Structures are given as structure tokens and as C-alpha cells.
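*Asks:* Supplied in C-alpha cells, the structure appears directly below.
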Amino acid sequence: MQILHTISETRAFVRQARARGQVIGLVPTMGYLHEGHLELMRRAKDQCDIVIASIFVNPTQFGPNEDFGRYPRELERDAEMAGSVGVTAIFNPPVEEMYPPGYCTYVDVERITEKLCGVSRPGHFRGVATVVTKLFNIVQPDYAFFGQKDAQQALVIKRMTRDLNLDLEVVIVPTVREHDGLAMSSRNLYLEPDQRRAALVLSRGLERAKQALKEGERNAAEIRQLVINMIQDEPLAAIDYVELYAYPDLEPLERIDGLTLLALAVTIGRTRLIDNAILEV
Ligand code: AMP
């Protein structure tokens with residue numbers, strides 16, 4: 001497996017693969033890989049001849065008081081894990097390679113970014129859409145793989161790809177969870193043991209909503225309140241949002257009668273965690 005640090009060597013690598021007629025898959029990540037990332041890479045490997053995983057902690061998607069500085073970075077460990085699932089190359093550029101002095105161009109996806117994480121993290125999706133556009137232009141993949149764990153991000157990437165006529169297919173992979181239900185995340189590393197236990201309120205909240213739906217509840221406000229009550233029972237948890245929206249358009253809804261996104265953001269200590277479920281009647 002190769003580790004590529006510059007845009008020009010990555011382009012050369014891709015050009016050679018393309019000349020051999022190979023199908024190219026891209027898996028963008030911020031590293032500190034876990035089983036969720038590896039699942040994306042396996043899916044990419046199944047579908048593509050070569051898989052490039054990017055590992056880049058993207059400064060433009062972090063707010064000024066967020067965890068950009070302390071986000072875990074362990075390239076050697078990541079390279080070993082990515083190699084074990086058949087990734088062909090890692091693209092790991094330094095920040096100046098992606099954002100040289102004088103950089104001033106951004107991609108803004110409107111409307112679907114104006115709710116959920118877009119409210120709590122102003123500028124976040126602008127940073128995500130920008131870096132993903134750049135990665136798409138550098139690698140020019142046939143397929144790019146994203147996780148359902150970041151449901152709104154997946155919708156933003158899909159919408160951007162459609163709106164800007166980007167010539168690739170975006171594949172969304174289901175959320176990978178720990179045995180007890182906690183959605184895998186690089187940020188789980190931040191959790192102390194008691195916080196790790198408290199973090200189960202997210203997946204349990206989603207399960208509570210599914211159960212209510214199964215029992216016949218269709219009122220979105222009622223379901224939302226059940227989930228809020230459950231999370232509020234956990235003293236270490238502070239709710240950022242609990243919201244239900246029609247999926248995939250993210251329009252507000254009162255009754256659940258089609259695909260519905262239930263999305264949660266909860267802070268445990270200093271760690272902000274997100275999770276979601278697509279509810280289906
Ligand atoms: P990140 O490194 O957190 O930016 O994530 C990189 C990619 O992996 C994104 O497309 C995420 O949605 C995806 N991902 C992160 N955690 C999970 C998970 N638990 N299950 C599936 N995909 C995930």
C-alpha cells in the first residue's frame with residue numbers, strides 16, 4: 001500500500017490506474033480508523049479495482065472552539081488497518097497542500113445545511129462540501145463511499161454531487177455499531193468509562209422511538225418527546241438536538257407516514273456525539 005502526501009503524486013497514481021482501465025473508489029476520512037471506516041473500505045474494495053482512502057483532518061469543517069487541535073492522528077496505525085482490508089493507497093496531505101496561502105474558494109450547499117448540525121456547527125458543512133469537492137477533483141473516483149452515521153453529511157454530499165454534475169456515484173453505507181449499540185466514532189476515544197456508559201442513551205433513544213412506532217405512535221412530536229425524556233434521564237448527557245424530518249428532503253413533518261430521519265446530537269462531558277435512524281412505517 002502506498003502513502004501519498006501530495007496532490008500531484010496522487011493524480012499520477014490515479015492516472016496510471018485509469019490507463020489500465022481500473023475502476024477507482026474513494027473513501028474520505030479524518031483517520032483514527034475504526035470498524036465503521038473499515039466497512040466503507042470493504043464496500044469500496046468489493047465494487048472497485050483500486051481504493052484510495054483519504055486521511056485528512058480538515059480544518060475548515062471545525063469551528064473555532066471545536067476539537068481540531070486534539071483530534072486523534074495516528075497514521076501508522078491507520079495505514080496498517082486500511083492495508084488489512086485491501087486499500088490500495090492512502091492520501092494524507094498536509095494542511096498547506098489542501099489550503100495553500102491565499103486559499104479563498106468554498107462550496108456552499110443551501111437549505112439542507114440550515115438545520116440539525118448546520119445550526120450547532122456554523123460553517124461545518126461548507127468545510128465538508130469544500131474538502132469533498134477538492135478530494136473528488138483530485139482523485140476523480142468512479143465511486144465514493146460515505147457512512148449513514150453522518151446522515152446529514154451523506155445527504156449534503158449526494159445533493160452537491162447532483163447539483164454540480166460531479167461525475168461519480170455516491171454510495172452510503174449503514175452505520176456500524178459497538179456490540180452494545182453505540183455508533184462507532186473516532187470521538188468515542190474521548191469518553192471516560194462513565195461517559196462511555198452514558199453515551200448509550202443515543203442508541204437507546206433511537207430504539208425507544210422505533211418501539212413507539214411499532215406500537216402505533218405516528219405523531220412526530222410525541223416520539224420526539226419520548227426520546228428527549230429518555231436522554232434527559234441520563235445526568236451526564238446534554239441534548240443539542242433531537243429532531244425528526246422527512247427523509248431525504250429534510251422537510252418538517254407532523255405525522256410519520258413515510259421515510260423519516262430521527263437525528264440526535266448529544267454532548268457527554270466535552271464530547272459531542274451524533275446518531276440517527278431512518279424510521280419506516
Ligand atoms: P470521519 O473520519 O469521522 O470523518 O468519517 C469518515 C467516513 O466514515 C464518513 O463517511 C462517516 O460517515 C463514516 N463513518 C464514521 N463512523 C461510521 C460508522 N460508525 N458507521 C459507518 N460509517 C461511519
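Within each chain, counting starts at residue 1; across the C-alpha cells, chains are named A, B, ... in the order shown, with ligands numbered 1 upward in that order.
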Give the helix (DSSP H, G or I) residues of segment 105-191 of chain A, as DSSP finds them on the backbone, and put them as a short mmCIF file (atom, residue, chain, number, x, y, z; two decimals) with C-alpha atoms, in the first residue's frame.
*Replies:*
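Listed below is the output, selection_27.cif:
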```
data_model
loop_
_atom_site.label_atom_id
_atom_site.label_comp_id
_atom_site.auth_asym_id
_atom_site.auth_seq_id
_atom_site.Cartn_x
_atom_site.Cartn_y
_atom_site.Cartn_z
CA CYS A 117 -25.72 20.02 12.70
CA GLY A 118 -25.75 23.07 10.42
CA VAL A 119 -27.27 25.09 13.26
CA SER A 120 -24.98 23.86 16.05
CA HIS A 124 -19.27 22.89 9.20
CA PHE A 125 -20.98 21.72 6.01
CA ARG A 126 -19.30 24.43 3.97
CA GLY A 127 -15.98 22.95 5.09
CA VAL A 128 -17.16 19.40 4.38
CA ALA A 129 -18.58 20.22 0.93
CA THR A 130 -15.41 22.12 0.03
CA VAL A 131 -12.94 19.44 1.06
CA VAL A 132 -15.01 16.65 -0.51
CA THR A 133 -15.23 18.58 -3.79
CA LYS A 134 -11.46 19.00 -3.72
CA LEU A 135 -10.95 15.28 -2.99
CA PHE A 136 -13.34 14.38 -5.82
CA ASN A 137 -11.37 16.63 -8.19
CA ILE A 138 -8.00 15.28 -7.09
CA VAL A 139 -8.91 11.57 -7.20
CA GLN A 148 -25.05 6.74 7.21
CA LYS A 149 -23.72 7.55 10.69
CA ASP A 150 -23.37 11.13 9.40
CA ALA A 151 -26.82 11.19 7.81
CA GLN A 152 -26.98 14.90 7.04
CA GLN A 153 -23.44 14.89 5.64
CA ALA A 154 -24.36 12.00 3.33
CA LEU A 155 -27.38 13.97 2.07
CA VAL A 156 -25.27 17.09 1.57
CA ILE A 157 -22.67 15.17 -0.47
CA LYS A 158 -25.37 13.49 -2.57
CA ARG A 159 -27.11 16.79 -3.23
CA MET A 160 -23.86 18.57 -4.07
CA THR A 161 -22.83 15.76 -6.43
CA ARG A 162 -26.15 16.04 -8.24
CA ASP A 163 -26.32 19.84 -8.26
CA SER A 186 -13.25 8.32 16.39
CA ARG A 187 -14.56 10.68 19.10
CA ASN A 188 -15.61 7.75 21.33
CA LEU A 189 -11.93 7.76 22.30
CA TYR A 190 -12.59 10.92 24.34
#
```
*Asks:* Counting only C-alpha atoms and all ligand atoms, what are the residues, protein, DNA or RNA alike, that approach ligand 1 to within 9 Å? I want them as a PyMOL selection string.
*Replies:* chain A and resi 27-40+55-58+145-151+153-154+172-178+182-187+275
*Asks:* Go through A:Gln195, A:Thr105, A:Ser54, A:Gln47 one by one, measure the shortest atom-to-atom distance of each to Asp142 of chain A using only C-alpha atoms, and give the residue with the smallest value.
*Replies:*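 Under the stated criterion, the closest residue is A:Gln47.
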*Asks:* Can you pull out every residue within 8 Å of segment 228-244 of chain A, counting only C-alpha atoms, but drop anything in the same chain fewer than 5 positions away, and send it as a list in words?
*Replies:*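 Using only C-alpha atoms, the neighbours found are Leu116, Ser120, Gln195, Ala198, Ala199, Val201, Leu202, Gly205, Ala220, Pro252, Leu253, Thr260, Leu261, Leu262, Ala263, Leu264, Ala265, Val266, Thr267, Ile268 and Gly269 of chain A.
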*Asks:* Give the strand (DSSP E) residues of segment 84-147 of chain A, as DSSP finds them on the backbone, and put them as a list in words.
*Replies:* Ala89, Ile90, Phe91, Tyr143, Ala144, Phe145, Phe146 and Gly147 of chain A
*Asks:* Might you pull out every residue within 10 Å of Ala79 of chain A, with only C-alpha atoms counted and same-chain residues fewer than 2 positions away left off, and present them as a ChimeraX atom specification?
*Replies:* /A:1-3,31-33,53,55,74-77,81-84,87,89-90
*Asks:* Given the selection you just returned, output its residues as a file containing N, CA and C atoms, formatted as a PDB file, in the first residue's frame.
*Replies:*
```pdb
ATOM      1  N   MET A   1       0.830  -1.199   0.000  1.00  0.00           N
ATOM      2  CA  MET A   1       0.000   0.000   0.000  1.00  0.00           C
ATOM      3  C   MET A   1       0.872   1.260   0.000  1.00  0.00           C
ATOM      4  N   GLN A   2       0.474   2.211  -0.800  1.00  0.00           N
ATOM      5  CA  GLN A   2       1.258   3.446  -0.890  1.00  0.00           C
ATOM      6  C   GLN A   2       0.658   4.537  -0.013  1.00  0.00           C
ATOM      7  N   ILE A   3       1.525   5.388   0.509  1.00  0.00           N
ATOM      8  CA  ILE A   3       1.024   6.572   1.215  1.00  0.00           C
ATOM      9  C   ILE A   3       1.429   7.794   0.399  1.00  0.00           C
ATOM     10  N   GLY A  31      -9.369   9.863   9.573  1.00  0.00           N
ATOM     11  CA  GLY A  31      -8.414   8.983  10.230  1.00  0.00           C
ATOM     12  C   GLY A  31      -8.851   8.557  11.619  1.00  0.00           C
ATOM     13  N   TYR A  32      -7.889   8.007  12.365  1.00  0.00           N
ATOM     14  CA  TYR A  32      -8.143   7.300  13.619  1.00  0.00           C
ATOM     15  C   TYR A  32      -9.227   6.257  13.348  1.00  0.00           C
ATOM     16  N   LEU A  33      -8.881   5.376  12.423  1.00  0.00           N
ATOM     17  CA  LEU A  33      -9.860   4.459  11.821  1.00  0.00           C
ATOM     18  C   LEU A  33     -10.455   3.490  12.828  1.00  0.00           C
ATOM     19  N   ALA A  53      -8.064   5.730   0.168  1.00  0.00           N
ATOM     20  CA  ALA A  53      -8.669   6.286   1.380  1.00  0.00           C
ATOM     21  C   ALA A  53      -7.940   7.586   1.679  1.00  0.00           C
ATOM     22  N   ILE A  55      -7.002  10.437   4.357  1.00  0.00           N
ATOM     23  CA  ILE A  55      -6.947  10.678   5.801  1.00  0.00           C
ATOM     24  C   ILE A  55      -6.496  12.119   5.963  1.00  0.00           C
ATOM     25  N   GLU A  74      -3.111   9.216  13.961  1.00  0.00           N
ATOM     26  CA  GLU A  74      -2.184   8.077  14.109  1.00  0.00           C
ATOM     27  C   GLU A  74      -2.040   7.370  12.780  1.00  0.00           C
ATOM     28  N   LEU A  75      -1.231   7.967  11.909  1.00  0.00           N
ATOM     29  CA  LEU A  75      -1.148   7.487  10.527  1.00  0.00           C
ATOM     30  C   LEU A  75      -0.663   6.040  10.411  1.00  0.00           C
ATOM     31  N   GLU A  76       0.334   5.668  11.239  1.00  0.00           N
ATOM     32  CA  GLU A  76       0.893   4.319  11.088  1.00  0.00           C
ATOM     33  C   GLU A  76      -0.135   3.246  11.385  1.00  0.00           C
ATOM     34  N   ARG A  77      -0.856   3.470  12.485  1.00  0.00           N
ATOM     35  CA  ARG A  77      -1.911   2.549  12.893  1.00  0.00           C
ATOM     36  C   ARG A  77      -2.982   2.490  11.800  1.00  0.00           C
ATOM     37  N   MET A  81      -4.341  -0.697   9.371  1.00  0.00           N
ATOM     38  CA  MET A  81      -5.745  -1.128   9.330  1.00  0.00           C
ATOM     39  C   MET A  81      -6.298  -1.051   7.905  1.00  0.00           C
ATOM     40  N   ALA A  82      -6.001   0.042   7.222  1.00  0.00           N
ATOM     41  CA  ALA A  82      -6.510   0.205   5.853  1.00  0.00           C
ATOM     42  C   ALA A  82      -5.921  -0.874   4.938  1.00  0.00           C
ATOM     43  N   GLY A  83      -4.627  -1.159   5.134  1.00  0.00           N
ATOM     44  CA  GLY A  83      -3.973  -2.203   4.333  1.00  0.00           C
ATOM     45  C   GLY A  83      -4.640  -3.554   4.545  1.00  0.00           C
ATOM     46  N   SER A  84      -5.080  -3.809   5.780  1.00  0.00           N
ATOM     47  CA  SER A  84      -5.654  -5.118   6.101  1.00  0.00           C
ATOM     48  C   SER A  84      -6.985  -5.364   5.388  1.00  0.00           C
ATOM     49  N   VAL A  87      -7.078  -1.639   1.033  1.00  0.00           N
ATOM     50  CA  VAL A  87      -6.948  -0.284   0.469  1.00  0.00           C
ATOM     51  C   VAL A  87      -5.638  -0.201  -0.325  1.00  0.00           C
ATOM     52  N   ALA A  89      -4.151   2.722  -1.664  1.00  0.00           N
ATOM     53  CA  ALA A  89      -3.303   3.874  -1.327  1.00  0.00           C
ATOM     54  C   ALA A  89      -4.027   4.787  -0.351  1.00  0.00           C
ATOM     55  N   ILE A  90      -3.229   5.445   0.483  1.00  0.00           N
ATOM     56  CA  ILE A  90      -3.770   6.460   1.390  1.00  0.00           C
ATOM     57  C   ILE A  90      -3.308   7.819   0.890  1.00  0.00           C
TER      58      ILE A  90
END
```
*Asks:* Rounded to one decimal in Å, what is the spacing between atom CA of Arg15 of chain A and atom CA of Asp78 of chain A?
*Replies:*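 That distance, rounded to one decimal, is 24.7 Å.
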*Asks:* Counting only C-alpha atoms, what is within 12 Å of Glu251 of chain A, bar same-chain residues fewer than 2 positions away, as a short mmCIF file (atom, residue, chain, number, x, y, z; two decimals) with N, CA and C atoms, in the first residue's frame?
*Replies:*
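out_3.cif was written with the following content:
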```cif
data_model
loop_
_atom_site.label_atom_id
_atom_site.label_comp_id
_atom_site.auth_asym_id
_atom_site.auth_seq_id
_atom_site.Cartn_x
_atom_site.Cartn_y
_atom_site.Cartn_z
N ARG A 111 -30.01 25.32 2.20
CA ARG A 111 -31.24 24.69 2.68
C ARG A 111 -31.05 23.45 3.56
N ILE A 112 -30.59 22.31 2.98
CA ILE A 112 -30.50 21.11 3.83
C ILE A 112 -29.38 21.24 4.86
N THR A 113 -28.55 22.28 4.73
CA THR A 113 -27.49 22.50 5.74
C THR A 113 -27.94 23.50 6.81
N GLU A 114 -29.18 23.99 6.68
CA GLU A 114 -29.62 25.05 7.60
C GLU A 114 -30.37 24.50 8.80
N LYS A 115 -30.23 23.20 9.07
CA LYS A 115 -30.87 22.58 10.23
C LYS A 115 -29.91 21.59 10.86
N LEU A 116 -30.36 20.92 11.90
CA LEU A 116 -29.56 19.89 12.57
C LEU A 116 -28.13 20.38 12.85
N GLU A 243 -34.39 15.67 16.57
CA GLU A 243 -35.29 16.17 15.52
C GLU A 243 -35.75 15.06 14.59
N LEU A 244 -36.96 15.24 14.09
CA LEU A 244 -37.47 14.33 13.05
C LEU A 244 -37.77 15.14 11.80
N TYR A 245 -37.32 14.63 10.66
CA TYR A 245 -37.57 15.27 9.37
C TYR A 245 -37.91 14.20 8.34
N ALA A 246 -38.71 14.61 7.36
CA ALA A 246 -38.96 13.71 6.24
C ALA A 246 -37.63 13.41 5.55
N TYR A 247 -37.45 12.17 5.13
CA TYR A 247 -36.20 11.74 4.51
C TYR A 247 -36.45 11.39 3.06
N PRO A 248 -35.63 11.85 2.14
CA PRO A 248 -34.35 12.52 2.32
C PRO A 248 -34.40 14.04 2.16
N ASP A 249 -35.59 14.65 2.06
CA ASP A 249 -35.63 16.09 1.77
C ASP A 249 -35.44 16.97 2.99
N LEU A 253 -42.12 17.68 9.55
CA LEU A 253 -43.31 16.82 9.43
C LEU A 253 -44.01 16.68 10.78
N GLU A 254 -45.31 16.44 10.74
CA GLU A 254 -46.09 16.26 11.96
C GLU A 254 -46.39 14.79 12.20
N ARG A 255 -46.76 14.12 11.13
CA ARG A 255 -47.06 12.69 11.26
C ARG A 255 -46.04 11.87 10.48
N ILE A 256 -45.77 10.70 11.01
CA ILE A 256 -44.79 9.84 10.34
C ILE A 256 -45.56 8.89 9.43
N GLY A 258 -44.05 8.27 6.04
CA GLY A 258 -43.09 7.82 5.02
C GLY A 258 -41.74 7.72 5.69
N LEU A 259 -40.69 7.67 4.90
CA LEU A 259 -39.34 7.59 5.48
C LEU A 259 -39.07 8.85 6.30
N THR A 260 -38.60 8.65 7.53
CA THR A 260 -38.38 9.77 8.45
C THR A 260 -37.01 9.65 9.10
N LEU A 261 -36.25 10.72 9.06
CA LEU A 261 -34.95 10.73 9.74
C LEU A 261 -35.13 11.20 11.17
#
```
*Asks:* Measure the distance from atom CA of Arg42 of chain A to atom CA of Gln22 of chain A in Å and round it to one decimal.
*Replies:* 16.9 Å
*Asks:* Pick from A:Tyr143, A:Ala209, A:Pro193, A:Pro100: nearest to Val51 of chain A, with only C-alpha atoms counted?
*Replies:*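 Of A:Tyr143, A:Ala209, A:Pro193, A:Pro100, the one nearest Val51 of chain A is A:Tyr143, counting only C-alpha atoms.
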*Asks:* When you draw a straight line from atom CA of Ile52 of chain A to atom CA of Phe91 of chain A, how long is it in Å?
*Replies:*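 Calculated distance between atom CA of Ile52 of chain A and atom CA of Phe91 of chain A is 6.9 Å.
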